[in-house]
Structures are given as C-alpha cells and as structure tokens.
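Engineer: The structure is given below, and queries will be raised subsequently.
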Amino acid sequence: MNEPEFFPMPRASRHCSSPLCAWRYLPLALILGSASSSALALDVDLAPLDQSATTFVGTLEDRPLTLELLGQEAVTGGSRVFVRINDRPVTLRLPAGITLAEVDGQTPVVLTDGEGRVLLAGRLDALGRDRTLALADALGLLELDQTLYGAQKQAMAQNFRPVTQRIDATMAPLGDGPYQRPPGISVWSTAEIGDLDGDTRSSDYSGDGKVALLGIDYRYRNLLVGVAAGKSEMYLDGKSGGHTDLGGEMVAPYAAIALLNDRLVLDATLLFQDLDGSARRDYLVEGIDLDGDRWGARGAATYHLPSYQLTSQHRIDSSLTLGGTYLDDDVDGDYLQAETDYGEETGEVFAGVRLGADVFTGRLFGGLLYHYDVSSDVDDDADFLEGSDDDRTVLELGATQRLGRGVDVTLAGQTTLGSSATEYDVISASLSYDF
C-alpha cells in the first residue's frame with residue numbers, strides 16, 4: 001500500500017477580509033456561520049498572525065476564531081486537511097480531485113474531531129440552523145457563549161438570594177414572637193461569598209462569587225416595599241485555559257403583600273445590573289472586553305401553614321413556596337475591533353418548603369427548594385448552551401440572633417444537593433435594624 005503523501009498548505013495573502021477570500025482558507029465557513037447556504041451571507045474577517053501564514057486570527061460571525069493550518073495528506077479516494085480551530089484539532093476529508101480552494105457548499109465532505117468522531121458527513125449547504133449551531137458548538141466557537149450563559153445561571157441564584165431571604169424573614173407571621181417584624185422602617189445589609197461549579201453543553205467551569213447589598217424597606221400593616229443596591233461579581237475558570245470575570249453595580253426594588261390573615265404572601269423583585277468584565281483564553285491573541293446590562297424579575301407565592309406547637313413557648317413554623325425567575329443579559333464583547341452580542345435569556349420555576357423555630361434566644365430556619373429550568377421556553381438557543389441536567393435542589397440552613405433592641409444578625413448557608421449543571425456552596429452574613 002502506498003504511503004500517504006504529506007504536503008504543506010499553500011501560503012495566504014497578508015490580509016483576508018472578504019467572505020469569499022476567507023472561504024478559500026476556511027472551507028468550514030458555511031457550516032460555522034448562519035444557516036444560509038451562501039458564503040456571501042457570512043461575516044468573516046481573518047488575517048495571518050505572522051509571516052508563516054499558517055495561523056489566522058479574527059472573527060467568524062463575530063465569534064473569536066483562531067485557525068491553525070497544520071497540513072494536508074493524500075489518501076485513497078481523496079485527501080485530508082488538518083486544522084486546529086480554537087485549540088481543537090479537526091480533520092476535513094475532501095473527495096478525489098478537489099482541492100481546498102475548490103470546496104463550496106455542494107462539495108461532499110467528512111469532518112471529524114480530534115478523537116475521530118464524525119461531526120459532519122455530507123454537503124455543507126444542506127445544514128439547517130440546529131445542525132449549524134451543534135457543529136459550531138463541537139468546534140469550540142460557542143465556548144465563550146456557554147461560559148457567559150453559565151455565569152447568567154449562577155447570577156439568577158446569586159443576585160436574588162439576599163432579597164428573597166429578607167422578604168421571607170420580614171413577612172413570616174410569627175405572632176407575638178420576638179422576631180415578628182413590626183411596622184415601620186428597617187435597614188439591612190448582606191455580604192455573601194461562595195464557590196461556583198457547573199457545566200454547559202460542551203464545557204465546564206468553576207470559580208467563586210461575591211455579593212454585597214445594602215437595603216431599606218418599609219412595612220405598613222400587610223404591605224412591604226423596599227429597595228436594595230450594591231454589587232455582585234463572579235470569577236469563572238474554564239477548561240480552555242482561561243478565565244472570565246463579570247459583575248457590576250445592581251439595584252433591586254421589591255414588594256410583598258400578605259393576604260388571608262397573613263397566611264398567603266405574594267412577593268415580587270425586579271433587578272437591574274450594569275455589567276462589566278473580561279474573558280481570557282489561551283487561543284486568543286488578546287482578551288475580550290465585556291460590557292452590558294442585566295434585567296431580571298422574580299415572583300413567588302408563599303403559604304404559611306398552621307404552626308406546630310411544641311411547648312407553650314416553642315413552636316415550629318412551616319411554609320410552601322411556588323414561583324419563577326427570569327433574567328435577560330445584554331452583553332457585548334470587543335475583540336480585534338469587532339463587537340459581538342453575547343446576550344441570552346434564561347428562566348426557571350421553583351417550589352419548596354421552609355421551616356423555622358425559636359430556639360433559646362435565637363431563631364433557626366431552613367428550606368429545601370427545587371428549581372426546574374425553563375430556559376428553552378424563553379430562548380431558542382438555550383439547548384445549545386446549557387448542560388444536560390440544569391435542574392437543581394438547594395438546601396438552606398441559617399440562624400438569626402437578636403443583638404439588641406431591633407438589631408438582628410443572621411448567618412446562613414446554601415448548597416446544591418446531588419448533581420446539577422449549576423452548583424454552588426455559599427455562606428452569607430446579614431445585619432438589620434428596625435427603627
């Protein structure tokens with residue numbers, strides 16, 4: 001049998017900005033961009049990194065792209081082209097008599113990854129939108145989208161959590177107990193830190209998050225209104241040899257009303273956050289500057305069950321909660337003078353139970369909440385970003401102690417039980433004062 005013949009890739013021009021020119025060196029353009037079957041519909045900008053003209057950097061459909069041309073060999077029935085896309089090895093098999101420069105949308109090709117798995121077998125122009133996104137995912141072009149999506153999922157829990165704890169503590173019907181919130185004005189502050197872990201469709205991350213909020217609210221009979229402001233940040237390390245940080249100042253107005261003799265509590269929280277950050281990857285020639293904003297809303301209905309009296313002075317309080325959360329990120333990334341929209345939407349519904357009891361001079365509380373992901377119902381791209389199991393069960397435990405008249409300090413922690421695509425372990429400390 002004849003040995004395969006290896007020969008180098010042809011040299012390219014110094015700069016290549018038109019889609020057709022880039023197509024000559026990137027025959028994958030049709031399958032990496034939009035669902036259009038025409039290369040003219042793509043926004044491609046590639047330029048050689050150095051004089052060797054074997055490594056190209058730029059963007060494809062505004063997504064960062066680093067393309068390394070490794071070589072080509074002749075095989076029975078055609079040839080194979082070896083490239084590396086965003087640090088991922090890829091092999092393209094061409095039919096006999098077809099050169100790389102002659103590939104178009106009607107050329108039958110076979111595309112395999114570094115482990116030999118077939119990513120595509122057929123004509124490039126036969127791809128629809130879903131197969132295009134799936135292939136772009138397999139080639140690493142959506143890695144940053146997925147990391148930012150993971151950060152958004154973490155933010156959905158992180159940013160609302162302090163306000164939610166405040167509403168639950170304030171609106172609980174505790175009768176004549178020492179921790180029953182009186183009418184009037186109250187100020188509070190919360191600081192929270194935590195470890196974050198998760199995975200997306202084809203990537204994973206770990207890191208940490210921080211939140212600091214200062215709030216003020218007013219309770220009049222069965223109505224509570226308030227606003228919290230502060231800052232939240234997170235730092236995530238990904239498997240692609242880089243990291244992402246994202247965060248900024250935020251404001252969250254909230255309100256709650258108690259009905260049915262304070263048994264049923266309806267609450268709502270709005271959120272706005274100014275986002276700023278950066279992303280670094282080993283395969284990028286420079287960092288990506290991130291900038292944008294985040295809008296969100298959370299609503300819940302909580303029904304407080306009749307208390308279970310242990311003694312004349314001690315009882316166990318319990319409640320059932322049902323609600324939902326929504327976030328919309330509008331984030332732009334600047335890379336090589338190109339601006340990319342990384343904005344996504346995400347949502348979830350949740351249900352759970354909470355328990356509380358006065359113990360000695362303090363109060364213990366805990367809860368178990370199940371979150372069901374509904375992101376694919378609010379964003380068509382969610383299936384190409386999120387992990388296989390993004391539902392999660394969260395356990396919360398905490399204690400409140402009165403330090404003086406109207407002054408309470410609370411320590412609490414939350415952890416994700418079992419396996420989930422969005423996991424975290426956090427602890428928080430809160431201080432409140434009732435005027």
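How things are named: the first chain in the structure tokens is A, the next is B, and so on; residues count from 1 in each chain; ligands count from 1 in the order shown.
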Which residues of range 166-281 of chain A sit at most 12 Å from range 323-333 of chain A, using only C-alpha atoms? Give each one's shortest atom pair and distance in Å (one decimal place), in chain and ascending residue order, as a tab-separated table.

Structural biologist:
```
residue	atom	partner	partner_atom	distance
A:Thr244	CA	A:Gly333	CA	11.8
A:Leu246	CA	A:Val331	CA	10.1
A:Gly247	CA	A:Val331	CA	11.2
A:Val265	CA	A:Gly323	CA	11.6
A:Leu266	CA	A:Gly323	CA	9.6
A:Asp267	CA	A:Gly323	CA	9.4
A:Ala268	CA	A:Gly323	CA	9.6
A:Thr269	CA	A:Thr325	CA	9.4
A:Leu270	CA	A:Tyr326	CA	9.7
A:Leu271	CA	A:Leu327	CA	8.7
A:Phe272	CA	A:Leu327	CA	9.7
A:Gln273	CA	A:Asp329	CA	9.3
A:Asp274	CA	A:Val331	CA	9.8
A:Leu275	CA	A:Val331	CA	7.5
A:Asp276	CA	A:Val331	CA	8.6
A:Gly277	CA	A:Gly333	CA	9.3
A:Ser278	CA	A:Gly333	CA	8.2
A:Ala279	CA	A:Gly333	CA	8.8
A:Arg280	CA	A:Gly333	CA	11.6
```

Engineer: Which of range 138-206 of chain A counts as strand (DSSP E) under DSSP, as a ChimeraX atom specification please?

Structural biologist: /A:184-199,204-206

Engineer: Would you mind exporting the chosen residues as a PDB file, in the first residue's frame, restricted to N, CA and C atoms?

Structural biologist:
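Below you can see part38.pdb, which holds the result:
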```pdb
ATOM      1  N   GLY A 184     -43.077  49.807  60.152  1.00  0.00           N
ATOM      2  CA  GLY A 184     -42.099  50.880  60.165  1.00  0.00           C
ATOM      3  C   GLY A 184     -40.949  50.628  59.211  1.00  0.00           C
ATOM      4  N   ILE A 185     -39.899  51.434  59.387  1.00  0.00           N
ATOM      5  CA  ILE A 185     -38.737  51.404  58.501  1.00  0.00           C
ATOM      6  C   ILE A 185     -37.663  50.480  59.066  1.00  0.00           C
ATOM      7  N   SER A 186     -36.989  49.786  58.178  1.00  0.00           N
ATOM      8  CA  SER A 186     -35.879  48.922  58.566  1.00  0.00           C
ATOM      9  C   SER A 186     -34.773  49.049  57.529  1.00  0.00           C
ATOM     10  N   VAL A 187     -33.519  49.009  57.990  1.00  0.00           N
ATOM     11  CA  VAL A 187     -32.373  48.979  57.084  1.00  0.00           C
ATOM     12  C   VAL A 187     -31.626  47.676  57.303  1.00  0.00           C
ATOM     13  N   TRP A 188     -30.986  47.200  56.255  1.00  0.00           N
ATOM     14  CA  TRP A 188     -30.275  45.925  56.352  1.00  0.00           C
ATOM     15  C   TRP A 188     -29.110  45.875  55.376  1.00  0.00           C
ATOM     16  N   SER A 189     -28.182  44.991  55.650  1.00  0.00           N
ATOM     17  CA  SER A 189     -27.040  44.792  54.763  1.00  0.00           C
ATOM     18  C   SER A 189     -26.716  43.297  54.734  1.00  0.00           C
ATOM     19  N   THR A 190     -26.173  42.855  53.606  1.00  0.00           N
ATOM     20  CA  THR A 190     -25.809  41.452  53.417  1.00  0.00           C
ATOM     21  C   THR A 190     -24.493  41.353  52.666  1.00  0.00           C
ATOM     22  N   ALA A 191     -23.641  40.438  53.116  1.00  0.00           N
ATOM     23  CA  ALA A 191     -22.416  40.092  52.399  1.00  0.00           C
ATOM     24  C   ALA A 191     -22.409  38.589  52.194  1.00  0.00           C
ATOM     25  N   GLU A 192     -22.055  38.165  50.981  1.00  0.00           N
ATOM     26  CA  GLU A 192     -22.127  36.742  50.641  1.00  0.00           C
ATOM     27  C   GLU A 192     -20.929  36.345  49.792  1.00  0.00           C
ATOM     28  N   ILE A 193     -20.367  35.177  50.054  1.00  0.00           N
ATOM     29  CA  ILE A 193     -19.305  34.609  49.231  1.00  0.00           C
ATOM     30  C   ILE A 193     -19.637  33.140  48.985  1.00  0.00           C
ATOM     31  N   GLY A 194     -19.135  32.606  47.875  1.00  0.00           N
ATOM     32  CA  GLY A 194     -19.442  31.217  47.574  1.00  0.00           C
ATOM     33  C   GLY A 194     -18.570  30.635  46.492  1.00  0.00           C
ATOM     34  N   ASP A 195     -18.511  29.310  46.471  1.00  0.00           N
ATOM     35  CA  ASP A 195     -17.836  28.562  45.414  1.00  0.00           C
ATOM     36  C   ASP A 195     -18.864  28.140  44.372  1.00  0.00           C
ATOM     37  N   LEU A 196     -18.514  28.307  43.092  1.00  0.00           N
ATOM     38  CA  LEU A 196     -19.422  28.026  41.989  1.00  0.00           C
ATOM     39  C   LEU A 196     -18.836  26.931  41.103  1.00  0.00           C
ATOM     40  N   ASP A 197     -19.681  26.017  40.652  1.00  0.00           N
ATOM     41  CA  ASP A 197     -19.289  24.967  39.713  1.00  0.00           C
ATOM     42  C   ASP A 197     -20.452  24.714  38.768  1.00  0.00           C
ATOM     43  N   GLY A 198     -20.121  24.270  37.571  1.00  0.00           N
ATOM     44  CA  GLY A 198     -21.189  23.936  36.640  1.00  0.00           C
ATOM     45  C   GLY A 198     -20.648  23.465  35.313  1.00  0.00           C
ATOM     46  N   ASP A 199     -21.553  23.089  34.448  1.00  0.00           N
ATOM     47  CA  ASP A 199     -21.180  22.697  33.101  1.00  0.00           C
ATOM     48  C   ASP A 199     -22.241  23.178  32.128  1.00  0.00           C
ATOM     49  N   ASP A 204     -17.134  23.252  30.862  1.00  0.00           N
ATOM     50  CA  ASP A 204     -17.411  23.309  32.293  1.00  0.00           C
ATOM     51  C   ASP A 204     -16.624  24.458  32.902  1.00  0.00           C
ATOM     52  N   TYR A 205     -16.948  24.801  34.146  1.00  0.00           N
ATOM     53  CA  TYR A 205     -16.308  25.935  34.791  1.00  0.00           C
ATOM     54  C   TYR A 205     -16.342  25.740  36.292  1.00  0.00           C
ATOM     55  N   SER A 206     -15.501  26.488  36.982  1.00  0.00           N
ATOM     56  CA  SER A 206     -15.508  26.579  38.436  1.00  0.00           C
ATOM     57  C   SER A 206     -15.029  27.969  38.800  1.00  0.00           C
TER      58      SER A 206
END
```

Engineer: Pick from A:Thr66, A:Ala228, A:Leu305, A:Gly209: nearest to Ser428 in chain A, with only C-alpha atoms counted?

Structural biologist: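 Closest candidate: A:Gly209.
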
Engineer: Name all residues at most 10 Å from Gly404 in chain A (count only C-alpha atoms; drop same-chain ones fewer than 4 positions away) and give them as a list in words.

Structural biologist: Asp408, Val409 and Tyr433 of chain A

Engineer: Please identify all polymer residues within 7 Å of Ala229 in chain A, counting only C-alpha atoms, omitting same-chain residues fewer than 3 positions from it, and present them as a PyMOL selection string.

Structural biologist: chain A and resi 213-215+250-252

Engineer: Take the residues just selected and output them with C-alpha atoms as a PDB file, in the first residue's frame.

Structural biologist:
```pdb
ATOM      1  CA  LEU A 213     -26.040  44.688  49.299  1.00  0.00           C
ATOM      2  CA  LEU A 214     -27.485  47.485  51.385  1.00  0.00           C
ATOM      3  CA  GLY A 215     -31.267  47.774  51.621  1.00  0.00           C
ATOM      4  CA  MET A 250     -27.041  46.453  40.822  1.00  0.00           C
ATOM      5  CA  VAL A 251     -30.328  47.764  42.183  1.00  0.00           C
ATOM      6  CA  ALA A 252     -33.329  45.634  43.160  1.00  0.00           C
TER       7      ALA A 252
END
```
